[in-house]
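Undergrad: My structure is in final.txt, and what it holds is compact mmCIF, C-alpha atoms (C1' of nucleotides):
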# COMPACT_ATOMS: atom_id res chain seq x y z
CA MET A 1 18.42 -19.11 18.45
CA ASP A 2 14.81 -20.06 18.06
CA ASP A 3 14.23 -19.79 21.74
CA SER A 4 16.30 -16.70 22.27
CA ALA A 5 14.24 -14.73 19.76
CA ILE A 6 11.10 -15.52 21.69
CA ARG A 7 12.80 -14.63 24.92
CA LEU A 8 13.87 -11.30 23.48
CA PHE A 9 10.35 -10.76 22.21
CA LYS A 10 8.83 -11.36 25.63
CA THR A 11 11.34 -9.06 27.25
CA THR A 12 10.58 -6.39 24.69
CA LEU A 13 6.89 -6.60 25.48
CA ARG A 14 7.49 -6.46 29.22
CA THR A 15 9.91 -3.58 29.18
CA ASN A 16 7.37 -1.66 27.16
CA ASN A 17 4.64 -2.42 29.65
CA HIS A 18 2.65 -4.83 27.56
CA SER A 19 1.39 -8.28 28.38
CA VAL A 20 2.66 -11.45 26.83
CA THR A 21 -0.47 -12.88 25.26
CA LYS A 22 -1.43 -15.88 23.21
CA THR A 23 -2.31 -13.78 20.16
CA ARG A 24 0.97 -11.89 20.25
CA LEU A 25 2.96 -15.08 20.50
CA ILE A 26 1.09 -16.67 17.62
CA VAL A 27 1.61 -13.65 15.39
CA PHE A 28 5.26 -13.40 16.36
CA ASN A 29 5.77 -17.04 15.50
CA LEU A 30 4.05 -16.61 12.17
CA LEU A 31 6.46 -13.82 11.35
CA LYS A 32 9.53 -15.61 12.60
CA GLY A 33 11.77 -17.22 10.04
CA GLN A 34 9.55 -16.19 7.20
CA GLU A 35 9.55 -14.08 4.14
CA PRO A 36 7.60 -10.87 4.56
CA ILE A 37 3.95 -11.82 4.80
CA SER A 38 0.80 -9.87 3.97
CA MET A 39 -1.94 -8.96 6.40
CA ASN A 40 -4.24 -11.03 4.30
CA SER A 41 -2.13 -14.15 4.58
CA LEU A 42 -1.70 -13.68 8.29
CA LEU A 43 -5.42 -13.29 8.56
CA ARG A 44 -6.11 -16.37 6.50
CA ILE A 45 -3.63 -18.48 8.42
CA GLY A 46 -4.78 -17.29 11.81
CA LYS A 47 -8.48 -16.96 11.10
CA ASN A 48 -9.65 -19.17 13.94
CA ARG A 49 -6.90 -18.25 16.34
CA PHE A 50 -7.34 -14.49 16.40
CA ASP A 51 -9.59 -11.74 15.12
CA ARG A 52 -8.89 -9.25 12.37
CA ALA A 53 -9.04 -6.31 14.77
CA SER A 54 -6.61 -8.03 17.10
CA LEU A 55 -4.20 -8.68 14.29
CA TYR A 56 -4.16 -5.03 13.30
CA ARG A 57 -3.76 -4.01 16.90
CA THR A 58 -0.96 -6.52 17.29
CA ILE A 59 0.93 -5.36 14.23
CA ASN A 60 0.52 -1.74 15.27
CA LEU A 61 1.93 -2.62 18.66
CA PHE A 62 4.79 -4.58 17.10
CA GLU A 63 5.70 -1.54 15.06
CA GLU A 64 5.49 0.75 18.05
CA ILE A 65 7.85 -1.33 20.14
CA GLY A 66 10.09 -2.18 17.21
CA VAL A 67 9.32 -5.85 16.84
CA ALA A 68 8.05 -5.79 13.27
CA HIS A 69 7.63 -3.34 10.44
CA ARG A 70 5.86 -2.96 7.15
CA VAL A 71 7.85 -3.60 3.99
CA ASN A 72 6.60 -1.87 0.90
CA LEU A 73 6.62 -4.10 -2.14
CA GLY A 74 5.41 -2.12 -5.06
CA TRP A 75 1.92 -1.22 -4.17
CA LYS A 76 1.14 -3.49 -1.28
CA TYR A 77 2.97 -3.96 1.93
CA LYS A 78 3.94 -7.00 3.90
CA ILE A 79 5.07 -7.49 7.46
CA GLU A 80 8.37 -8.78 8.70
CA LEU A 81 10.33 -8.79 11.93
CA THR A 82 12.76 -5.95 12.50
CA ASP A 83 16.52 -6.18 12.50
CA LYS A 84 16.46 -7.02 16.19
CA PHE A 85 14.95 -10.37 15.33
CA ALA A 86 16.39 -10.88 11.87
CA HIS A 87 19.37 -9.32 10.16
CA HIS A 88 18.88 -6.00 8.42
CA HIS A 89 18.30 -6.64 4.76
CA HIS A 90 16.43 -5.58 1.66
CA HIS A 91 14.50 -7.45 -1.01
CA LEU A 92 14.48 -8.43 -4.61
CA SER A 93 10.95 -9.23 -5.67
CA CYS A 94 10.17 -11.12 -8.81
CA THR A 95 7.37 -9.51 -10.77
CA ASN A 96 6.66 -12.77 -12.53
CA CYS A 97 6.40 -15.43 -9.83
CA GLY A 98 6.09 -13.16 -6.78
CA ARG A 99 9.09 -14.63 -5.01
CA VAL A 100 10.77 -12.30 -2.52
CA ILE A 101 14.51 -12.80 -2.21
CA PRO A 102 16.17 -11.25 0.82
CA ILE A 103 19.54 -9.69 0.12
CA ARG A 104 22.19 -9.50 2.74
CA GLU A 105 23.11 -6.15 4.19
CA ASP A 106 25.63 -4.34 2.06
CA ASP A 107 27.90 -2.00 3.99
CA GLU A 108 28.62 0.14 1.03
CA LEU A 109 24.95 0.58 0.30
CA GLU A 110 24.10 1.45 3.89
CA LYS A 111 26.93 3.94 4.04
CA LEU A 112 25.77 5.56 0.86
CA ILE A 113 22.26 6.01 2.20
CA ILE A 114 23.55 7.80 5.27
CA GLN A 115 25.83 9.93 3.17
CA ILE A 116 23.04 11.00 0.83
CA SER A 117 20.80 11.86 3.78
CA ASP A 118 23.55 13.94 5.30
CA THR A 119 23.97 15.89 2.11
CA HIS A 120 20.36 16.98 2.50
CA ASN A 121 20.65 17.75 6.18
CA PHE A 122 18.25 14.96 6.74
CA SER A 123 18.37 12.79 9.83
CA ALA A 124 17.47 9.35 8.51
CA SER A 125 16.00 6.91 10.98
CA LYS A 126 15.17 4.13 8.58
CA HIS A 127 14.99 3.25 4.94
CA GLN A 128 13.67 0.69 2.51
CA ILE A 129 15.19 -0.49 -0.68
CA GLU A 130 13.05 -2.66 -2.91
CA ILE A 131 14.15 -3.96 -6.24
CA GLN A 132 11.75 -5.44 -8.77
CA GLY A 133 12.54 -7.56 -11.77
CA LEU A 134 12.84 -11.18 -12.79
CA CYS A 135 14.42 -13.89 -10.70
CA SER A 136 16.88 -16.20 -12.43
CA LYS A 137 14.27 -18.93 -12.86
CA CYS A 138 11.66 -16.71 -14.49
CA MET A 139 14.28 -15.05 -16.62
CA ARG A 140 15.25 -18.44 -18.00
CA LEU A 141 11.65 -19.24 -18.78
CA LYS A 142 11.16 -15.94 -20.55
CA VAL A 143 14.17 -16.51 -22.72
CA VAL A 144 12.95 -19.95 -23.72
CA MET A 145 9.54 -18.61 -24.68
CA MET B 1 9.66 20.10 -22.80
CA ASP B 2 6.17 20.60 -21.52
CA ASP B 3 4.74 19.76 -24.89
CA SER B 4 7.07 16.90 -25.62
CA ALA B 5 6.04 15.11 -22.46
CA ILE B 6 2.43 15.21 -23.52
CA ARG B 7 3.35 14.06 -26.97
CA LEU B 8 5.26 11.13 -25.54
CA PHE B 9 2.32 10.38 -23.30
CA LYS B 10 -0.09 10.26 -26.21
CA THR B 11 2.25 8.07 -28.19
CA THR B 12 2.59 5.74 -25.25
CA LEU B 13 -1.17 5.39 -25.02
CA ARG B 14 -1.52 4.77 -28.71
CA THR B 15 1.26 2.22 -29.02
CA ASN B 16 -0.37 0.34 -26.18
CA ASN B 17 -3.73 0.38 -27.91
CA HIS B 18 -5.46 2.82 -25.63
CA SER B 19 -7.42 5.93 -26.45
CA VAL B 20 -6.30 9.43 -25.67
CA THR B 21 -9.11 10.69 -23.49
CA LYS B 22 -9.96 13.82 -21.59
CA THR B 23 -9.69 12.11 -18.23
CA ARG B 24 -6.30 10.63 -18.99
CA LEU B 25 -4.95 13.97 -20.12
CA ILE B 26 -6.25 15.72 -17.04
CA VAL B 27 -4.72 13.16 -14.71
CA PHE B 28 -1.45 13.20 -16.59
CA ASN B 29 -1.29 16.95 -16.30
CA LEU B 30 -2.03 16.82 -12.61
CA LEU B 31 0.90 14.48 -12.15
CA LYS B 32 3.26 16.41 -14.35
CA GLY B 33 5.81 18.60 -12.66
CA GLN B 34 4.59 17.72 -9.21
CA GLU B 35 5.73 16.06 -6.07
CA PRO B 36 4.21 12.63 -5.63
CA ILE B 37 0.52 13.13 -4.99
CA SER B 38 -2.00 10.99 -3.15
CA MET B 39 -5.13 9.45 -4.65
CA ASN B 40 -7.10 11.51 -2.24
CA SER B 41 -5.60 14.78 -3.40
CA LEU B 42 -6.06 13.84 -7.03
CA LEU B 43 -9.63 13.00 -6.22
CA ARG B 44 -10.23 16.24 -4.41
CA ILE B 45 -8.67 18.32 -7.17
CA GLY B 46 -10.45 16.51 -9.97
CA LYS B 47 -13.74 15.83 -8.25
CA ASN B 48 -15.94 17.45 -10.89
CA ARG B 49 -13.80 16.54 -13.84
CA PHE B 50 -13.65 12.78 -13.39
CA ASP B 51 -15.06 10.03 -11.26
CA ARG B 52 -13.31 8.14 -8.52
CA ALA B 53 -13.59 4.85 -10.38
CA SER B 54 -12.11 6.43 -13.48
CA LEU B 55 -9.20 7.78 -11.53
CA TYR B 56 -8.38 4.34 -10.17
CA ARG B 57 -8.73 2.85 -13.62
CA THR B 58 -6.54 5.58 -15.04
CA ILE B 59 -3.79 5.12 -12.49
CA ASN B 60 -3.88 1.36 -12.99
CA LEU B 61 -3.52 1.88 -16.70
CA PHE B 62 -0.71 4.38 -16.21
CA GLU B 63 1.16 1.80 -14.18
CA GLU B 64 0.54 -0.89 -16.74
CA ILE B 65 1.93 1.12 -19.61
CA GLY B 66 4.69 2.65 -17.53
CA VAL B 67 3.46 6.21 -17.34
CA ALA B 68 3.18 6.52 -13.59
CA HIS B 69 3.84 4.43 -10.52
CA ARG B 70 2.97 4.28 -6.87
CA VAL B 71 5.59 5.42 -4.40
CA ASN B 72 5.33 4.07 -0.90
CA LEU B 73 6.02 6.65 1.73
CA GLY B 74 5.94 4.92 5.05
CA TRP B 75 2.49 3.51 5.27
CA LYS B 76 0.64 5.40 2.56
CA TYR B 77 1.45 5.67 -1.09
CA LYS B 78 1.45 8.48 -3.58
CA ILE B 79 1.54 8.63 -7.35
CA GLU B 80 4.19 10.11 -9.57
CA LEU B 81 5.22 9.92 -13.20
CA THR B 82 7.87 7.37 -14.13
CA ASP B 83 11.40 8.15 -15.21
CA LYS B 84 10.26 8.41 -18.80
CA PHE B 85 8.46 11.61 -17.91
CA ALA B 86 10.55 12.89 -15.04
CA HIS B 87 14.11 12.22 -13.99
CA HIS B 88 14.78 9.12 -12.00
CA HIS B 89 15.04 9.95 -8.32
CA HIS B 90 14.25 8.80 -4.81
CA HIS B 91 12.73 10.40 -1.73
CA LEU B 92 13.45 11.50 1.76
CA SER B 93 10.20 11.72 3.69
CA CYS B 94 9.91 13.55 6.97
CA THR B 95 8.01 11.55 9.53
CA ASN B 96 7.21 14.69 11.45
CA CYS B 97 5.86 17.18 8.93
CA GLY B 98 5.19 14.83 6.03
CA ARG B 99 7.36 16.73 3.60
CA VAL B 100 8.74 14.68 0.71
CA ILE B 101 12.15 15.74 -0.52
CA PRO B 102 13.21 14.35 -3.89
CA ILE B 103 16.87 13.40 -4.07
CA ARG B 104 18.75 13.59 -7.28
CA GLU B 105 19.93 10.42 -8.91
CA ASP B 106 23.19 9.20 -7.49
CA ASP B 107 25.33 7.26 -9.96
CA GLU B 108 27.13 5.36 -7.32
CA LEU B 109 23.88 4.29 -5.71
CA GLU B 110 22.37 3.20 -9.00
CA LYS B 111 25.46 1.26 -9.91
CA LEU B 112 25.42 -0.48 -6.57
CA ILE B 113 21.82 -1.55 -7.02
CA ILE B 114 22.60 -3.15 -10.36
CA GLN B 115 25.66 -4.81 -8.95
CA ILE B 116 23.77 -6.31 -6.04
CA SER B 117 21.05 -7.58 -8.36
CA ASP B 118 23.66 -9.19 -10.58
CA THR B 119 25.17 -10.99 -7.64
CA HIS B 120 21.82 -12.69 -7.17
CA ASN B 121 21.32 -13.45 -10.83
CA PHE B 122 18.41 -11.12 -10.70
CA SER B 123 17.39 -9.00 -13.64
CA ALA B 124 16.27 -5.75 -12.03
CA SER B 125 13.85 -3.63 -13.99
CA LYS B 126 13.16 -1.02 -11.37
CA HIS B 127 13.72 -0.15 -7.75
CA GLN B 128 12.58 2.17 -5.03
CA ILE B 129 14.57 3.71 -2.27
CA GLU B 130 12.67 5.48 0.45
CA ILE B 131 14.31 7.09 3.41
CA GLN B 132 12.38 8.20 6.47
CA GLY B 133 13.53 10.52 9.19
CA LEU B 134 13.45 14.17 10.15
CA CYS B 135 13.97 17.04 7.77
CA SER B 136 16.35 19.78 8.87
CA LYS B 137 13.52 22.04 9.99
CA CYS B 138 11.80 19.47 12.15
CA MET B 139 15.11 18.34 13.53
CA ARG B 140 15.81 21.87 14.70
CA LEU B 141 12.42 22.08 16.36
CA LYS B 142 12.92 18.78 18.14
CA VAL B 143 16.25 19.91 19.50
CA VAL B 144 14.74 23.12 20.83
CA MET B 145 11.96 21.24 22.55
C1' DT C 1 -6.78 -17.06 44.70
C1' DT C 2 -8.78 -12.67 44.18
C1' DA C 3 -8.56 -8.02 42.59
C1' DT C 4 -6.83 -5.07 39.05
C1' DT C 5 -5.37 -4.09 34.60
C1' DT C 6 -4.91 -5.44 29.69
C1' DT C 7 -6.28 -7.58 25.81
C1' DT C 8 -9.55 -9.91 22.91
C1' DG C 9 -13.60 -10.78 19.96
C1' DC C 10 -17.51 -9.02 18.04
C1' DG C 11 -20.29 -6.04 15.45
C1' DA C 12 -20.63 -1.59 13.64
C1' DC C 13 -18.31 1.93 11.21
C1' DA C 14 -15.30 4.42 8.07
C1' DT C 15 -12.47 4.54 4.22
C1' DA C 16 -10.29 2.63 0.06
C1' DT C 17 -10.64 0.11 -4.15
C1' DT C 18 -13.08 -2.65 -7.62
C1' DT C 19 -16.88 -4.11 -10.60
C1' DG C 20 -21.02 -4.38 -13.87
C1' DC C 21 -23.47 -1.95 -16.92
C1' DA C 22 -25.81 1.61 -19.54
C1' DA C 23 -24.55 6.11 -21.40
C1' DT C 24 -20.98 8.76 -23.69
C1' DA C 25 -16.69 9.71 -25.93
C1' DT C 26 -13.05 8.19 -29.06
C1' DT C 27 -11.41 5.90 -32.96
C1' DT C 28 -11.84 3.71 -37.42
C1' DA C 29 -13.48 3.04 -41.98
C1' DG C 30 -15.56 4.88 -45.83
C1' DC D 1 -17.06 14.62 -42.28
C1' DT D 2 -20.24 10.94 -40.80
C1' DA D 3 -21.71 6.46 -39.25
C1' DA D 4 -20.44 2.18 -37.22
C1' DA D 5 -17.44 -0.08 -34.16
C1' DT D 6 -14.82 0.07 -30.06
C1' DA D 7 -13.18 1.91 -25.81
C1' DT D 8 -13.98 4.67 -21.79
C1' DT D 9 -16.72 6.94 -18.38
C1' DG D 10 -19.97 7.75 -14.48
C1' DC D 11 -22.85 5.84 -11.34
C1' DA D 12 -24.34 2.71 -7.93
C1' DA D 13 -23.38 -1.34 -5.66
C1' DA D 14 -20.08 -4.84 -4.04
C1' DT D 15 -15.54 -5.89 -1.76
C1' DA D 16 -11.60 -5.09 0.77
C1' DT D 17 -9.06 -2.93 4.30
C1' DG D 18 -8.58 -0.70 8.63
C1' DT D 19 -10.58 1.29 13.06
C1' DC D 20 -13.53 1.77 17.23
C1' DG D 21 -16.39 0.97 21.49
C1' DC D 22 -17.57 -2.13 24.69
C1' DA D 23 -18.56 -6.38 27.31
C1' DA D 24 -16.24 -10.81 28.06
C1' DA D 25 -11.93 -13.25 28.73
C1' DA D 26 -7.11 -13.46 29.76
C1' DA D 27 -2.92 -11.82 31.94
C1' DT D 28 -0.68 -9.68 35.74
C1' DA D 29 -0.29 -8.01 40.44
C1' DA D 30 -1.28 -8.44 45.18
Please express what this file holds, its structure, as structure tokens.

TA:
Amino acid sequence: MDDSAIRLFKTTLRTNNHSVTKTRLIVFNLLKGQEPISMNSLLRIGKNRFDRASLYRTINLFEEIGVAHRVNLGWKYKIELTDKFAHHHHHLSCTNCGRVIPIREDDELEKLIIQISDTHNFSASKHQIEIQGLCSKCMRLKVVM
Amino acid sequence: MDDSAIRLFKTTLRTNNHSVTKTRLIVFNLLKGQEPISMNSLLRIGKNRFDRASLYRTINLFEEIGVAHRVNLGWKYKIELTDKFAHHHHHLSCTNCGRVIPIREDDELEKLIIQISDTHNFSASKHQIEIQGLCSKCMRLKVVM
DNA sequence: TTATTTTTGCGACATATTTGCAATATTTAG
DNA sequence: CTAAATATTGCAAATATGTCGCAAAAATAA
């Protein structure tokens, strides 16, 4: 699974006429098997392995060829791999501790989204659903206090 | 209705220990009864009535006390009043022409969100749903071309 | 391996957002 | 209503975030 994702990634680059480079592999690996991660964190982690400009160019490319996308969490955004490399899902983000909990795809929810779009004659290509609140842990703490 | 929103706004400021100021009223009025609006537009419109720094401080305050919030539309974000001052709703945003279409609250959708949160022992306080795609107009154009 | 094509790092920009502080407006107390 | 106390504003400067051009380095093609 690990290996196959990288293989798919390389193929995706090639079929889109882009080179397989060190920077792209590093960034891909940073994104793989992770929670959504911010540009800033990526930058901090990869500081001496790639440049800021390259990171932005890399993420832009990843979006273009459908490898990664930006997830909006409240005000900021973070990056995560697309459904091709991880299952389609949405997030619960805890406003207290910052934890981001992925939630599994819900057929009913997805169907509803399509249905609502249709009602408006709108051809939806993608969507984000972000839910904010308190995770079970923080909720417990709040109650105690 | 017009007046009552402003009254509620003033009360909200006061109960949160903040002054009712000219700038805050202007910004509130700019947001009222509008589509989500970008910082840039607000800035352009209010250029000679308030300063950039004040606008940012105002919007931050509005978020803090639950008067307005940032809506992420694809990569950028815009500002709009919260449900307290406008009905709860979500958006369809056209990736071609940039139009933002508000969609009316859908009971089933809202219920589903709560239900999913519950499953994860998560106490949801708010959520955003953003759908991107082509509006009917742009879709027609694309087909023709 | 060499030639060709792409990508990277760097520094300079451009834009977006935040901060400190003195001046001004708002609120409070009388 | 006025004066004192407190909160907010504008301005200029500092940071943060994102983009660009170009020579050097890496990847691909021959």

Undergrad: Restrict the distance test to only C-alpha atoms (C1' of nucleotides), flag each residue of chain A within 8 Å of chain C, and return the flagged residues as a PyMOL selection string.

TA: chain A and resi 18-19+21+51+54

Undergrad: Between D:DA25, D:DC11, D:DC20, D:DA4, which one has atoms that come closest to chain B, using only C-alpha atoms (C1' of nucleotides)?

TA: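 Closest residue, counting only C-alpha atoms (C1' of nucleotides): D:DC11.
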
Undergrad: Mind giving me the straight-line distance from CA of Pro102 (chain A) to CA of Pro36 (chain B) in Å, one decimal?

TA: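 CA of Pro36 (chain B) lies 27.5 Å from CA of Pro102 (chain A).
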
Undergrad: Pull out every residue of chain A sitting within 8 Å of chain B, counting only C-alpha atoms, and send them as a PyMOL selection string.

TA: chain A and resi 70+72+74-75+92+109+112+117+121-136+139

Undergrad: Sort by chain and increasing residue number a table of all residues of chain A within 12 Å of chain D, each with its closest pair of atoms and their distance in Å to one decimal, counting all atoms listed in the file, and write it as a Markdown table.

TA:
| residue | atom | partner | partner_atom | distance |
| --- | --- | --- | --- | --- |
| A:Arg14 | CA | D:DT28 | C1' | 10.9 |
| A:Asn17 | CA | D:DT28 | C1' | 10.9 |
| A:His18 | CA | D:DA27 | C1' | 10.0 |
| A:Ser19 | CA | D:DA27 | C1' | 6.6 |
| A:Val20 | CA | D:DA27 | C1' | 7.6 |
| A:Thr21 | CA | D:DA27 | C1' | 7.2 |
| A:Lys22 | CA | D:DA26 | C1' | 9.0 |
| A:Thr23 | CA | D:DA26 | C1' | 10.7 |
| A:Met39 | CA | D:DT17 | C1' | 9.6 |
| A:Asn40 | CA | D:DT17 | C1' | 9.4 |
| A:Leu43 | CA | D:DT17 | C1' | 11.8 |
| A:Arg52 | CA | D:DG18 | C1' | 9.3 |
| A:Ala53 | CA | D:DT19 | C1' | 7.9 |
| A:Ser54 | CA | D:DT19 | C1' | 10.9 |
| A:Leu55 | CA | D:DG18 | C1' | 10.7 |
| A:Tyr56 | CA | D:DG18 | C1' | 7.8 |
| A:Arg57 | CA | D:DT19 | C1' | 9.5 |
| A:Ile59 | CA | D:DG18 | C1' | 12.0 |
| A:Asn60 | CA | D:DG18 | C1' | 11.3 |
| A:Lys76 | CA | D:DT17 | C1' | 11.6 |

Undergrad: Store the residues of this selection in a file with C-alpha atoms, as a tab-separated table (two decimals), in the frame of the given file.

TA:
chain	number	residue	atom	x	y	z
A	14	ARG	CA	7.49	-6.46	29.22
A	17	ASN	CA	4.64	-2.42	29.65
A	18	HIS	CA	2.65	-4.83	27.56
A	19	SER	CA	1.39	-8.28	28.38
A	20	VAL	CA	2.66	-11.45	26.83
A	21	THR	CA	-0.47	-12.88	25.26
A	22	LYS	CA	-1.43	-15.88	23.21
A	23	THR	CA	-2.31	-13.78	20.16
A	39	MET	CA	-1.94	-8.96	6.40
A	40	ASN	CA	-4.24	-11.03	4.30
A	43	LEU	CA	-5.42	-13.29	8.56
A	52	ARG	CA	-8.89	-9.25	12.37
A	53	ALA	CA	-9.04	-6.31	14.77
A	54	SER	CA	-6.61	-8.03	17.10
A	55	LEU	CA	-4.20	-8.68	14.29
A	56	TYR	CA	-4.16	-5.03	13.30
A	57	ARG	CA	-3.76	-4.01	16.90
A	59	ILE	CA	0.93	-5.36	14.23
A	60	ASN	CA	0.52	-1.74	15.27
A	76	LYS	CA	1.14	-3.49	-1.28

Undergrad: Cα RMSD of chain A on chain B, all Cα atoms paired in order, least-squares fit?

TA: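 RMSD over all C-alpha atoms: 0.8 Å.
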
Undergrad: For CA of His89 (chain A) and CA of Arg44 (chain A), quote the distance in Å rounded to one decimal.

TA: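 Taking CA of His89 (chain A) and CA of Arg44 (chain A), their separation equals 26.3 Å.
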
Undergrad: Please indicate the distance in Å from CA of Lys111 (chain A) to CA of Arg140 (chain B), rounded to one decimal place.

TA: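 For CA of Lys111 (chain A) relative to CA of Arg140 (chain B), the distance reads 23.6 Å.
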
Undergrad: Could you give me, as a tab-separated table (two decimals) with C-alpha atoms, keeping the file's coordinate frame, the residues within 12 Å of Ser4 (chain B), counting only C-alpha atoms (C1' of nucleotides) and dropping anything in the same chain fewer than 6 positions from it?

TA:
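Saved file around12.tsv follows:
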chain	number	residue	atom	x	y	z
B	10	LYS	CA	-0.09	10.26	-26.21
B	11	THR	CA	2.25	8.07	-28.19
B	32	LYS	CA	3.26	16.41	-14.35
B	84	LYS	CA	10.26	8.41	-18.80
B	85	PHE	CA	8.46	11.61	-17.91
B	86	ALA	CA	10.55	12.89	-15.04

Undergrad: Of the residues B:Ile6, B:Leu61, B:Cys97, B:Ile45, which is the one nearest to Phe28 (chain B), using all atoms listed in the file?

TA: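 Of the candidates, the smallest distance to Phe28 (chain B) is held by B:Ile6.
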